[in-house]
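*Asks:* Input structure: target-v6.txt, which contains compact mmCIF, C-alpha atoms and all ligand atoms.
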# COMPACT_ATOMS: atom_id res chain seq x y z
CA MET A 1 -49.58 -44.02 -14.10
CA LYS A 2 -53.20 -44.09 -12.92
CA LYS A 3 -52.00 -45.18 -9.49
CA GLN A 4 -49.63 -42.19 -9.35
CA VAL A 5 -52.41 -39.69 -10.14
CA LEU A 6 -54.61 -41.23 -7.52
CA GLY A 7 -51.75 -40.99 -5.00
CA LEU A 8 -51.31 -37.29 -5.80
CA LEU A 9 -55.01 -36.65 -5.38
CA ILE A 10 -55.03 -38.34 -1.98
CA ALA A 11 -51.91 -36.38 -0.91
CA ALA A 12 -53.49 -33.10 -2.03
CA SER A 13 -56.64 -33.73 -0.05
CA PHE A 14 -54.56 -34.12 3.13
CA ALA A 15 -52.40 -31.04 2.49
CA ALA A 16 -52.67 -28.14 4.94
CA PRO A 17 -55.33 -25.57 4.05
CA VAL A 18 -53.95 -22.58 2.17
CA MET A 19 -53.08 -19.94 4.82
CA ALA A 20 -54.17 -16.36 4.28
CA GLU A 21 -51.15 -14.34 3.24
CA GLU A 22 -49.54 -12.32 6.02
CA ALA A 23 -49.37 -8.63 5.18
CA VAL A 24 -48.66 -5.26 6.75
CA GLU A 25 -49.97 -1.93 5.56
CA VAL A 26 -47.56 0.87 6.38
CA LEU A 27 -48.37 4.57 6.13
CA HIS A 28 -45.40 6.96 5.98
CA TRP A 29 -44.04 10.13 4.36
CA TRP A 30 -40.74 8.72 3.15
CA THR A 31 -40.97 9.60 -0.52
CA SER A 32 -37.55 11.13 -1.33
CA GLY A 33 -34.82 8.97 -2.89
CA GLY A 34 -32.88 8.48 0.36
CA GLU A 35 -36.02 7.88 2.42
CA ALA A 36 -37.42 5.32 0.00
CA ALA A 37 -34.08 3.48 -0.12
CA ALA A 38 -34.01 3.28 3.69
CA LEU A 39 -37.60 2.05 3.86
CA GLY A 40 -36.66 -0.56 1.24
CA VAL A 41 -34.38 -2.20 3.84
CA LEU A 42 -37.35 -2.79 6.17
CA LYS A 43 -39.63 -3.88 3.36
CA GLY A 44 -36.99 -6.39 2.18
CA ASN A 45 -36.57 -7.82 5.68
CA LEU A 46 -40.31 -8.39 6.03
CA GLU A 47 -40.66 -9.90 2.59
CA LYS A 48 -37.86 -12.35 3.41
CA GLN A 49 -40.10 -13.57 6.24
CA GLY A 50 -43.00 -13.99 3.84
CA VAL A 51 -44.84 -10.85 4.98
CA LYS A 52 -46.31 -8.81 2.14
CA TRP A 53 -45.70 -5.06 2.30
CA ASN A 54 -48.58 -2.79 1.32
CA ASP A 55 -47.09 0.65 0.95
CA MET A 56 -49.08 3.80 1.77
CA PRO A 57 -46.84 6.80 1.07
CA VAL A 58 -48.28 10.25 1.82
CA ALA A 59 -45.84 12.91 0.60
CA GLY A 60 -45.11 15.98 2.71
CA GLY A 61 -42.12 16.41 5.02
CA GLY A 62 -42.76 16.64 8.72
CA GLY A 63 -45.75 14.35 8.27
CA GLU A 64 -48.65 16.81 8.42
CA GLN A 65 -50.44 15.35 5.41
CA ALA A 66 -49.72 11.84 6.64
CA MET A 67 -51.45 12.61 9.95
CA THR A 68 -54.54 13.82 8.07
CA ALA A 69 -54.59 10.56 6.11
CA VAL A 70 -54.35 8.48 9.32
CA ARG A 71 -57.24 10.39 10.85
CA ALA A 72 -59.45 9.48 7.90
CA ARG A 73 -58.52 5.81 8.14
CA VAL A 74 -59.03 5.57 11.90
CA THR A 75 -62.36 7.37 11.67
CA ALA A 76 -63.47 4.88 9.04
CA GLY A 77 -62.57 2.07 11.45
CA ASN A 78 -59.88 0.74 9.16
CA PRO A 79 -56.45 1.82 10.46
CA PRO A 80 -53.23 0.76 8.74
CA THR A 81 -51.02 -1.79 10.54
CA ALA A 82 -48.36 0.79 11.31
CA VAL A 83 -47.88 4.52 10.84
CA GLN A 84 -44.65 6.53 10.82
CA MET A 85 -45.07 9.02 13.62
CA LEU A 86 -43.28 11.69 15.63
CA GLY A 87 -43.27 12.32 19.39
CA PHE A 88 -46.43 14.01 20.61
CA ASP A 89 -48.53 12.59 17.77
CA ILE A 90 -47.91 9.08 19.15
CA GLN A 91 -49.15 10.19 22.56
CA ASP A 92 -52.21 11.84 21.02
CA TRP A 93 -53.21 8.61 19.25
CA ALA A 94 -52.42 6.48 22.29
CA LYS A 95 -54.76 8.64 24.38
CA GLN A 96 -57.55 7.72 22.00
CA GLY A 97 -57.03 4.05 22.76
CA VAL A 98 -56.41 2.98 19.17
CA LEU A 99 -52.82 1.74 19.51
CA SER A 100 -51.69 -1.84 20.18
CA ASP A 101 -50.00 -3.06 23.35
CA LEU A 102 -46.49 -4.18 22.40
CA ASN A 103 -45.29 -5.00 25.92
CA ALA A 104 -44.98 -8.74 25.31
CA ILE A 105 -42.53 -8.20 22.42
CA ALA A 106 -40.75 -5.33 24.18
CA THR A 107 -40.14 -7.47 27.27
CA LYS A 108 -39.02 -10.48 25.28
CA GLU A 109 -36.59 -8.36 23.29
CA GLY A 110 -35.35 -6.02 25.99
CA TRP A 111 -36.50 -2.69 24.52
CA ASP A 112 -36.58 -1.11 28.00
CA LYS A 113 -32.85 -1.62 28.38
CA THR A 114 -31.69 -0.57 24.93
CA VAL A 115 -33.94 2.29 23.80
CA PRO A 116 -32.92 5.71 25.24
CA GLN A 117 -35.27 7.14 27.86
CA ALA A 118 -35.82 10.28 25.76
CA LEU A 119 -37.48 8.07 23.13
CA GLN A 120 -39.35 5.81 25.54
CA LYS A 121 -41.16 8.88 26.81
CA PHE A 122 -42.93 8.97 23.45
CA SER A 123 -43.06 5.22 22.66
CA LYS A 124 -44.92 4.30 25.84
CA TYR A 125 -48.31 5.31 27.09
CA ASN A 126 -49.49 4.38 30.60
CA GLY A 127 -46.55 2.00 30.89
CA LYS A 128 -47.31 0.21 27.63
CA TRP A 129 -45.16 0.25 24.50
CA VAL A 130 -47.39 1.41 21.64
CA SER A 131 -44.80 2.16 18.97
CA ALA A 132 -41.48 0.87 17.69
CA PRO A 133 -38.72 3.51 17.33
CA VAL A 134 -36.66 3.15 14.20
CA ASN A 135 -34.11 5.97 14.45
CA VAL A 136 -32.94 9.20 16.05
CA HIS A 137 -32.63 12.20 13.75
CA SER A 138 -31.68 15.71 14.76
CA THR A 139 -32.37 19.09 13.23
CA ASN A 140 -29.37 21.28 14.17
CA TRP A 141 -27.21 20.29 11.19
CA VAL A 142 -25.66 22.10 8.24
CA TRP A 143 -24.75 20.29 5.00
CA ALA A 144 -22.12 21.78 2.72
CA ASN A 145 -20.60 21.14 -0.69
CA LYS A 146 -16.83 21.02 -0.14
CA GLU A 147 -15.91 21.95 -3.69
CA VAL A 148 -18.15 25.01 -3.62
CA LEU A 149 -16.63 26.09 -0.31
CA ALA A 150 -13.10 25.66 -1.69
CA LYS A 151 -13.95 27.72 -4.76
CA ALA A 152 -15.45 30.42 -2.57
CA GLY A 153 -12.42 30.47 -0.29
CA VAL A 154 -14.19 29.10 2.78
CA THR A 155 -11.34 27.11 4.27
CA THR A 156 -12.52 26.33 7.79
CA GLU A 157 -15.76 25.07 9.25
CA PRO A 158 -17.77 28.02 10.64
CA LYS A 159 -17.98 27.66 14.41
CA THR A 160 -19.93 30.77 15.36
CA TRP A 161 -22.95 32.49 13.89
CA GLU A 162 -20.78 35.36 12.63
CA GLU A 163 -18.39 32.94 10.92
CA PHE A 164 -21.34 31.19 9.32
CA VAL A 165 -22.75 34.42 7.93
CA ALA A 166 -19.28 35.36 6.63
CA ALA A 167 -19.06 31.96 4.87
CA LEU A 168 -22.54 32.38 3.35
CA ASP A 169 -21.44 35.77 2.11
CA LYS A 170 -18.30 34.41 0.46
CA VAL A 171 -20.23 31.61 -1.26
CA GLN A 172 -22.81 34.05 -2.59
CA LYS A 173 -20.14 36.48 -3.80
CA ALA A 174 -18.42 33.62 -5.63
CA GLY A 175 -21.58 33.22 -7.72
CA PHE A 176 -23.28 30.32 -5.93
CA ILE A 177 -26.52 30.23 -3.97
CA GLY A 178 -25.52 30.66 -0.33
CA LEU A 179 -28.30 28.70 1.32
CA ALA A 180 -30.38 26.02 -0.42
CA HIS A 181 -33.81 26.20 1.14
CA GLY A 182 -37.31 24.99 0.46
CA GLY A 183 -40.01 27.50 1.37
CA GLN A 184 -42.41 25.29 3.31
CA PRO A 185 -43.48 26.04 6.89
CA TRP A 186 -41.98 22.86 8.36
CA GLN A 187 -38.63 23.56 6.68
CA GLU A 188 -38.50 27.09 8.06
CA ALA A 189 -39.34 25.69 11.50
CA THR A 190 -36.53 23.13 11.11
CA VAL A 191 -34.05 25.94 10.49
CA PHE A 192 -35.53 27.84 13.43
CA ASP A 193 -34.80 24.94 15.88
CA GLY A 194 -31.06 25.45 15.33
CA VAL A 195 -31.24 29.24 15.16
CA VAL A 196 -33.00 29.47 18.53
CA LEU A 197 -30.53 27.04 20.11
CA ALA A 198 -27.62 29.04 18.69
CA THR A 199 -29.06 32.38 19.77
CA GLY A 200 -30.46 31.65 23.21
CA GLY A 201 -28.66 28.48 24.21
CA LEU A 202 -30.13 25.34 25.68
CA ASP A 203 -31.93 26.80 28.69
CA PHE A 204 -33.61 29.44 26.57
CA TYR A 205 -34.73 26.80 24.04
CA LYS A 206 -36.24 24.76 26.85
CA LYS A 207 -37.98 27.74 28.44
CA ALA A 208 -39.45 28.80 25.11
CA PHE A 209 -40.30 25.52 23.40
CA ILE A 210 -40.75 23.01 26.20
CA ASP A 211 -42.06 25.13 29.09
CA LEU A 212 -43.80 27.59 26.73
CA ASP A 213 -42.76 30.42 29.05
CA PRO A 214 -44.40 33.56 27.58
CA LYS A 215 -41.48 35.68 28.82
CA ALA A 216 -39.07 33.60 26.76
CA LEU A 217 -41.34 33.38 23.73
CA ASN A 218 -41.77 37.13 23.63
CA SER A 219 -38.26 38.21 24.53
CA ASP A 220 -35.33 40.08 23.04
CA THR A 221 -33.62 36.74 22.47
CA MET A 222 -36.59 35.53 20.43
CA VAL A 223 -36.51 38.79 18.45
CA LYS A 224 -32.81 38.24 17.81
CA SER A 225 -33.53 34.68 16.63
CA PHE A 226 -36.04 36.05 14.14
CA ASP A 227 -33.53 38.69 13.04
CA ARG A 228 -31.15 35.85 12.24
CA MET A 229 -33.85 34.16 10.15
CA ALA A 230 -34.11 37.42 8.18
CA GLN A 231 -30.34 37.36 7.81
CA LEU A 232 -30.45 33.82 6.38
CA ARG A 233 -33.25 34.78 4.01
CA LYS A 234 -30.78 37.00 2.11
CA TYR A 235 -28.77 33.96 1.04
CA VAL A 236 -31.75 32.01 -0.32
CA ASP A 237 -32.49 32.12 -4.08
CA LYS A 238 -35.67 33.65 -5.49
CA ASP A 239 -37.27 30.31 -6.46
CA PHE A 240 -37.33 28.85 -2.96
CA SER A 241 -41.07 29.04 -2.40
CA GLY A 242 -42.73 25.63 -2.06
CA ARG A 243 -39.55 23.75 -2.98
CA ASP A 244 -39.22 20.26 -1.45
CA TRP A 245 -36.38 19.73 1.03
CA ASN A 246 -34.75 17.02 -1.06
CA VAL A 247 -34.66 19.33 -4.08
CA ALA A 248 -32.80 21.82 -1.86
CA SER A 249 -30.39 19.04 -0.84
CA GLY A 250 -29.93 18.33 -4.55
CA MET A 251 -28.77 21.93 -5.05
CA VAL A 252 -25.94 21.38 -2.57
CA ILE A 253 -25.13 17.96 -4.03
CA SER A 254 -24.89 19.32 -7.58
CA GLY A 255 -22.80 22.33 -6.57
CA LYS A 256 -25.41 25.03 -7.21
CA ALA A 257 -25.50 26.01 -3.55
CA GLY A 258 -23.03 26.02 -0.69
CA PHE A 259 -25.10 25.08 2.35
CA GLN A 260 -28.39 23.63 3.53
CA ILE A 261 -29.65 23.71 7.12
CA MET A 262 -31.66 20.53 7.49
CA GLY A 263 -32.10 17.45 9.68
CA ASP A 264 -29.80 14.53 8.95
CA TRP A 265 -32.32 12.87 6.64
CA ALA A 266 -30.57 15.19 4.13
CA LYS A 267 -27.57 12.88 4.37
CA GLY A 268 -29.69 10.12 2.85
CA GLU A 269 -29.81 12.19 -0.35
CA PHE A 270 -26.02 12.68 -0.41
CA VAL A 271 -25.45 8.97 0.17
CA GLY A 272 -28.00 8.09 -2.51
CA ALA A 273 -26.08 10.33 -4.94
CA LYS A 274 -22.89 8.39 -4.07
CA LYS A 275 -21.28 11.37 -2.35
CA VAL A 276 -18.73 10.70 0.36
CA ALA A 277 -18.96 12.32 3.80
CA MET A 278 -16.16 14.77 4.59
CA LYS A 279 -14.73 14.35 1.09
CA ASP A 280 -17.53 15.58 -1.19
CA PHE A 281 -19.70 17.08 1.49
CA ALA A 282 -19.31 18.27 5.06
CA CYS A 283 -21.71 18.03 7.96
CA PHE A 284 -21.48 20.19 11.05
CA ARG A 285 -23.77 21.37 13.81
CA THR A 286 -25.57 24.68 13.27
CA PRO A 287 -22.83 27.12 14.36
CA GLY A 288 -23.34 28.00 18.01
CA THR A 289 -25.07 24.70 18.86
CA GLN A 290 -22.04 22.42 19.18
CA GLY A 291 -22.62 19.86 21.93
CA MET A 292 -26.39 20.29 21.76
CA VAL A 293 -28.77 17.99 19.89
CA SER A 294 -32.38 18.82 18.99
CA PHE A 295 -33.67 15.36 18.24
CA ASN A 296 -36.66 13.76 16.60
CA ALA A 297 -37.21 10.04 16.40
CA ASP A 298 -39.29 8.31 13.78
CA GLN A 299 -41.39 5.58 15.27
CA PHE A 300 -43.91 3.18 13.84
CA ALA A 301 -47.06 3.48 15.90
CA MET A 302 -48.87 0.15 15.80
CA PHE A 303 -52.63 0.38 15.48
CA LYS A 304 -55.15 -2.08 16.92
CA VAL A 305 -55.87 -4.38 13.99
CA GLY A 306 -57.98 -7.50 13.51
CA ALA A 307 -56.74 -10.80 14.98
CA ASP A 308 -55.76 -12.03 11.52
CA LYS A 309 -53.24 -9.19 11.21
CA VAL A 310 -51.58 -9.32 14.62
CA ALA A 311 -48.88 -11.89 13.75
CA ALA A 312 -47.63 -9.79 10.83
CA GLN A 313 -47.73 -6.65 12.97
CA ASN A 314 -45.61 -8.35 15.62
CA LYS A 315 -43.11 -9.41 12.98
CA LEU A 316 -42.87 -5.80 11.83
CA ALA A 317 -42.31 -4.51 15.39
CA THR A 318 -39.62 -7.13 15.99
CA ALA A 319 -37.89 -6.37 12.69
CA ILE A 320 -37.73 -2.63 13.46
CA LEU A 321 -35.77 -3.04 16.70
CA GLU A 322 -33.49 -5.80 15.43
CA PRO A 323 -29.87 -4.52 15.89
CA GLY A 324 -28.63 -5.57 12.44
CA PHE A 325 -31.56 -3.81 10.82
CA GLN A 326 -31.05 -0.68 12.96
CA SER A 327 -27.53 -0.40 11.57
CA ALA A 328 -28.39 -1.17 7.93
CA PHE A 329 -31.41 1.14 7.90
CA ASN A 330 -29.84 4.14 9.63
CA VAL A 331 -26.70 4.03 7.48
CA VAL A 332 -28.98 4.71 4.51
CA LYS A 333 -31.44 7.04 6.28
CA GLY A 334 -28.84 9.42 7.74
CA SER A 335 -29.99 8.94 11.32
CA ALA A 336 -28.55 7.32 14.44
CA PRO A 337 -29.95 4.01 15.69
CA ALA A 338 -32.79 4.02 18.22
CA ARG A 339 -30.86 1.51 20.36
CA THR A 340 -27.74 2.33 22.33
CA ASP A 341 -26.08 -1.04 21.67
CA VAL A 342 -25.64 -0.78 17.90
CA PRO A 343 -21.97 -0.38 16.85
CA ASP A 344 -21.09 2.60 14.63
CA THR A 345 -18.75 0.53 12.44
CA ALA A 346 -20.89 0.60 9.31
CA PHE A 347 -21.57 4.38 9.51
CA ASP A 348 -19.70 7.12 7.61
CA ALA A 349 -18.05 10.12 9.28
CA CYS A 350 -21.32 12.07 9.63
CA GLY A 351 -23.15 9.00 10.95
CA LYS A 352 -20.42 8.35 13.51
CA LYS A 353 -20.65 12.00 14.59
CA ALA A 354 -24.43 11.74 14.91
CA ILE A 355 -24.13 8.69 17.16
CA LYS A 356 -21.36 10.27 19.28
CA ASP A 357 -23.11 13.66 19.58
CA LEU A 358 -26.31 11.93 20.65
CA ALA A 359 -24.62 9.85 23.34
CA GLU A 360 -22.71 12.86 24.69
CA ALA A 361 -25.70 15.21 24.64
CA ASN A 362 -27.75 12.57 26.41
CA LYS A 363 -25.12 12.27 29.15
CA SER A 364 -24.58 16.00 29.60
CA ASP A 365 -28.29 16.80 29.50
CA LYS A 366 -27.97 18.74 26.24
CA LEU A 367 -30.49 16.65 24.36
CA VAL A 368 -33.75 18.48 23.61
CA GLY A 369 -36.80 17.56 21.59
CA SER A 370 -37.14 19.26 18.20
CA MET A 371 -39.95 21.79 18.17
CA ALA A 372 -40.23 21.57 14.38
CA HIS A 373 -40.58 17.80 14.40
CA GLY A 374 -43.09 17.16 17.12
CA HIS A 375 -40.85 16.48 20.09
CA ALA A 376 -41.30 19.68 22.09
CA VAL A 377 -44.99 20.57 21.93
CA PRO A 378 -48.20 18.94 20.66
CA ALA A 379 -49.22 19.41 17.03
CA SER A 380 -51.73 22.18 17.71
CA ILE A 381 -49.08 24.51 19.16
CA LYS A 382 -46.41 23.34 16.74
CA ASN A 383 -48.61 24.27 13.79
CA ALA A 384 -49.34 27.70 15.29
CA PHE A 385 -45.59 28.26 15.68
CA TYR A 386 -45.02 27.14 12.06
CA ASP A 387 -47.43 29.79 10.91
CA VAL A 388 -45.65 32.62 12.74
CA ILE A 389 -42.16 31.48 11.69
CA THR A 390 -43.15 31.22 8.03
CA ARG A 391 -44.84 34.61 7.89
CA GLN A 392 -41.78 36.27 9.42
CA PHE A 393 -39.42 34.43 7.06
CA ASN A 394 -41.48 35.65 4.13
CA GLY A 395 -41.39 39.23 5.37
CA GLN A 396 -45.10 39.45 6.21
CA ILE A 397 -44.39 40.37 9.83
CA ASP A 398 -41.25 41.74 11.51
CA SER A 399 -39.22 40.06 14.25
CA LYS A 400 -40.89 41.96 17.10
CA LYS A 401 -44.40 41.09 15.95
CA ALA A 402 -43.32 37.48 15.43
CA ALA A 403 -42.09 37.21 19.03
CA VAL A 404 -45.40 38.65 20.32
CA GLU A 405 -47.30 36.15 18.16
CA MET A 406 -45.19 33.20 19.35
CA ALA A 407 -46.30 33.95 22.91
CA SER A 408 -49.95 34.19 21.96
CA ALA A 409 -49.76 31.04 19.80
CA ALA A 410 -48.57 29.12 22.87
CA LYS A 411 -51.39 30.54 25.02
CA ASN A 412 -54.09 29.51 22.61
C1 LIG B 1 -38.77 12.71 9.66
C2 LIG B 1 -37.70 12.17 8.75
C3 LIG B 1 -38.01 12.58 7.32
C4 LIG B 1 -38.20 14.10 7.24
C5 LIG B 1 -38.47 14.64 5.86
C6 LIG B 1 -38.99 14.18 9.45
O1 LIG B 1 -40.06 14.63 10.21
O2 LIG B 1 -38.41 12.49 10.99
O3 LIG B 1 -37.62 10.78 8.81
O4 LIG B 1 -37.00 12.13 6.48
O5 LIG B 1 -39.26 14.47 8.08
O6 LIG B 1 -39.49 13.98 5.23
Since I need it in another form, could you write the structure as structure tokens?
Ligand code: BGC

*Replies:*
Amino acid sequence: MKKQVLGLLIAASFAAPVMAEEAVEVLHWWTSGGEAAALGVLKGNLEKQGVKWNDMPVAGGGGEQAMTAVRARVTAGNPPTAVQMLGFDIQDWAKQGVLSDLNAIATKEGWDKTVPQALQKFSKYNGKWVSAPVNVHSTNWVWANKEVLAKAGVTTEPKTWEEFVAALDKVQKAGFIGLAHGGQPWQEATVFDGVVLATGGLDFYKKAFIDLDPKALNSDTMVKSFDRMAQLRKYVDKDFSGRDWNVASGMVISGKAGFQIMGDWAKGEFVGAKKVAMKDFACFRTPGTQGMVSFNADQFAMFKVGADKVAAQNKLATAILEPGFQSAFNVVKGSAPARTDVPDTAFDACGKKAIKDLAEANKSDKLVGSMAHGHAVPASIKNAFYDVITRQFNGQIDSKKAAVEMASAAKN
């Protein structure tokens, strides 16, 4: 007995020193049911590898509040391991020299060959990968409750703006809310992405939102786009102000409202509520934008962290681009994978459409960055646009004044 104890003591003294636990701290704005479920897939994968997940959720769609939180952390010299980020924000942080160089992992795992160029433009800075793209969302989508549409006598999918307005009208007259909407600037801007594409077409969208051409920003077409926003406003209920986007999705899911215009993260809410694509709900492109895709990709920007945290950060970056994960995550999130080699087998009808639309738009040059979600202009201009769009939607300025202000917002 004594001999045994002694043996154990000797063995213990030769055992490897206890390693510090590997951990990642991840800042994001995925706080809705569908978003949290999708993030859970990544968290689970990391935990299976023994990496602890320290969650830093900062609520607020579009990520504005999250960006404020990151600024505070970076200024204090204590950045998180990874931050959910959109387009131009990644480039802004990269410029400040605070992001990690992921080239070694990217080369080993072939990111250059599998991630679409449109995303790489934002993931790389001076030839170096600084962030890991997790998905491709797009904003020109409409979500509809099929039972509500049937009750209202809307029998076919609206293909033009006029047909859409007629359908909204029927739904409202049948006693439902026509359009479920949350009155927050980023949500109004999300709707505006699709409205501008539908009204002016692809070239106009590019001239206005990518080239910031003042003649396009302050044009009759822009005025017409704002008039259409005013048209939509008539189908929104009186309690819309400040409502979160997922609450608006919930109104379509529960059959209170007929439609919601929202990026395909909305599908995550339908899936989470066990609703079946094309049976319980329909998804279609904002009428007039068929064939076009206004995309935004969520990426995890990797910050320069202490040497003790690099191994865990690398594991996170690797996990994000892993093909099996890209499928599992995006099925839940509502988005398309950020790699072109992920099969669509596991995706529902809307997911398959998202993947197909993306590939086709990419080929035919009809893929544009979403203005509302940081893929057309830097945050400073985006926020100035938000302000104009919201004031017009709330009737504080008319369409003509809004178009004038869009042009001056871009100049400043
Ligand atoms: C992000 C989505 C997110 C949505 C609402 C978008 O900017 O790209 O991932 O679900 O905001 O929070």

*Asks:* Do you have, as a Markdown table, the list of residues of stretch 72-174 of chain A lying at most 12 Å from stretch 283-298 of chain A, each with its nearest atom pair and that distance in Å to one decimal, counting all atoms listed in the file and ordered by chain then number?

*Replies:*
| residue | atom | partner | partner_atom | distance |
| --- | --- | --- | --- | --- |
| A:Val83 | CA | A:Asp298 | CA | 9.8 |
| A:Gln84 | CA | A:Asp298 | CA | 6.4 |
| A:Met85 | CA | A:Asp298 | CA | 5.8 |
| A:Leu86 | CA | A:Asp298 | CA | 5.5 |
| A:Gly87 | CA | A:Ala297 | CA | 7.1 |
| A:Phe88 | CA | A:Asn296 | CA | 10.6 |
| A:Asp89 | CA | A:Asp298 | CA | 10.9 |
| A:Ile90 | CA | A:Asp298 | CA | 10.2 |
| A:Val115 | CA | A:Ala297 | CA | 11.2 |
| A:Pro116 | CA | A:Ala297 | CA | 10.7 |
| A:Gln117 | CA | A:Ala297 | CA | 12.0 |
| A:Ala118 | CA | A:Phe295 | CA | 9.3 |
| A:Leu119 | CA | A:Ala297 | CA | 7.0 |
| A:Gln120 | CA | A:Ala297 | CA | 10.3 |
| A:Lys121 | CA | A:Ala297 | CA | 11.2 |
| A:Phe122 | CA | A:Ala297 | CA | 9.1 |
| A:Ser123 | CA | A:Ala297 | CA | 9.8 |
| A:Ser131 | CA | A:Asp298 | CA | 9.8 |
| A:Ala132 | CA | A:Asp298 | CA | 8.7 |
| A:Pro133 | CA | A:Asp298 | CA | 6.0 |
| A:Val134 | CA | A:Asp298 | CA | 5.8 |
| A:Asn135 | CA | A:Ala297 | CA | 5.5 |
| A:Val136 | CA | A:Ala297 | CA | 4.4 |
| A:His137 | CA | A:Asn296 | CA | 5.2 |
| A:Ser138 | CA | A:Phe295 | CA | 4.0 |
| A:Thr139 | CA | A:Ser294 | CA | 5.8 |
| A:Asn140 | CA | A:Thr286 | CA | 5.2 |
| A:Trp141 | CA | A:Arg285 | CA | 4.5 |
| A:Val142 | CA | A:Phe284 | CA | 5.4 |
| A:Trp143 | CA | A:Cys283 | CA | 4.8 |
| A:Ala144 | CA | A:Cys283 | CA | 6.5 |
| A:Asn145 | CA | A:Cys283 | CA | 9.3 |
| A:Lys146 | CA | A:Cys283 | CA | 9.9 |
| A:Thr156 | CA | A:Phe284 | CA | 11.3 |
| A:Glu157 | CA | A:Phe284 | CA | 7.7 |
| A:Pro158 | CA | A:Pro287 | CA | 6.3 |
| A:Lys159 | CA | A:Pro287 | CA | 4.9 |
| A:Thr160 | CA | A:Pro287 | CA | 4.8 |
| A:Trp161 | CA | A:Pro287 | CA | 5.4 |
| A:Glu162 | CA | A:Pro287 | CA | 8.7 |
| A:Glu163 | CA | A:Pro287 | CA | 8.1 |
| A:Phe164 | CA | A:Pro287 | CA | 6.6 |
| A:Val165 | CA | A:Pro287 | CA | 9.7 |
| A:Ala166 | CA | A:Pro287 | CA | 11.8 |
| A:Ala167 | CA | A:Pro287 | CA | 11.3 |

*Asks:* Let me have all residues with an atom within 10 Å of ligand LIG 1 (chain B), counting all atoms listed in the file, laid out as a ChimeraX atom specification.

*Replies:* /A:28-32,34-36,38,59-64,84-87,134-139,186-187,190,244-246,262-269,295-299,333-335,370,372-374

*Asks:* One decimal, Å: what's the distance from atom CA of A:Lys382 over to atom CA of A:Val404, could you say?

*Replies:*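 Answer for the atom CA of A:Lys382 to atom CA of A:Val404 separation: 15.8 Å.
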
*Asks:* Give me the residues within 12 Å of A:Lys48 as a PDB file with C-alpha atoms, in the coordinates of the input, counting only C-alpha atoms and dropping any in the same chain fewer than 5 places off.

*Replies:*
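Contents of result_9.pdb, as written:
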ATOM      1  CA  GLU A  22     -49.540 -12.320   6.020  1.00  0.00           C
ATOM      2  CA  VAL A  41     -34.380  -2.200   3.840  1.00  0.00           C
ATOM      3  CA  LEU A  42     -37.350  -2.790   6.170  1.00  0.00           C
ATOM      4  CA  LYS A  43     -39.630  -3.880   3.360  1.00  0.00           C
ATOM      5  CA  TRP A  53     -45.700  -5.060   2.300  1.00  0.00           C
ATOM      6  CA  LYS A 315     -43.110  -9.410  12.980  1.00  0.00           C
ATOM      7  CA  LEU A 316     -42.870  -5.800  11.830  1.00  0.00           C
ATOM      8  CA  ALA A 319     -37.890  -6.370  12.690  1.00  0.00           C
TER       9      ALA A 319
END

*Asks:* I need the residue nearest A:Gln184 from this list: A:Trp93, A:Phe240, A:Phe347, A:Phe385. Use all atoms listed in the file for the distance.

*Replies:* A:Phe240
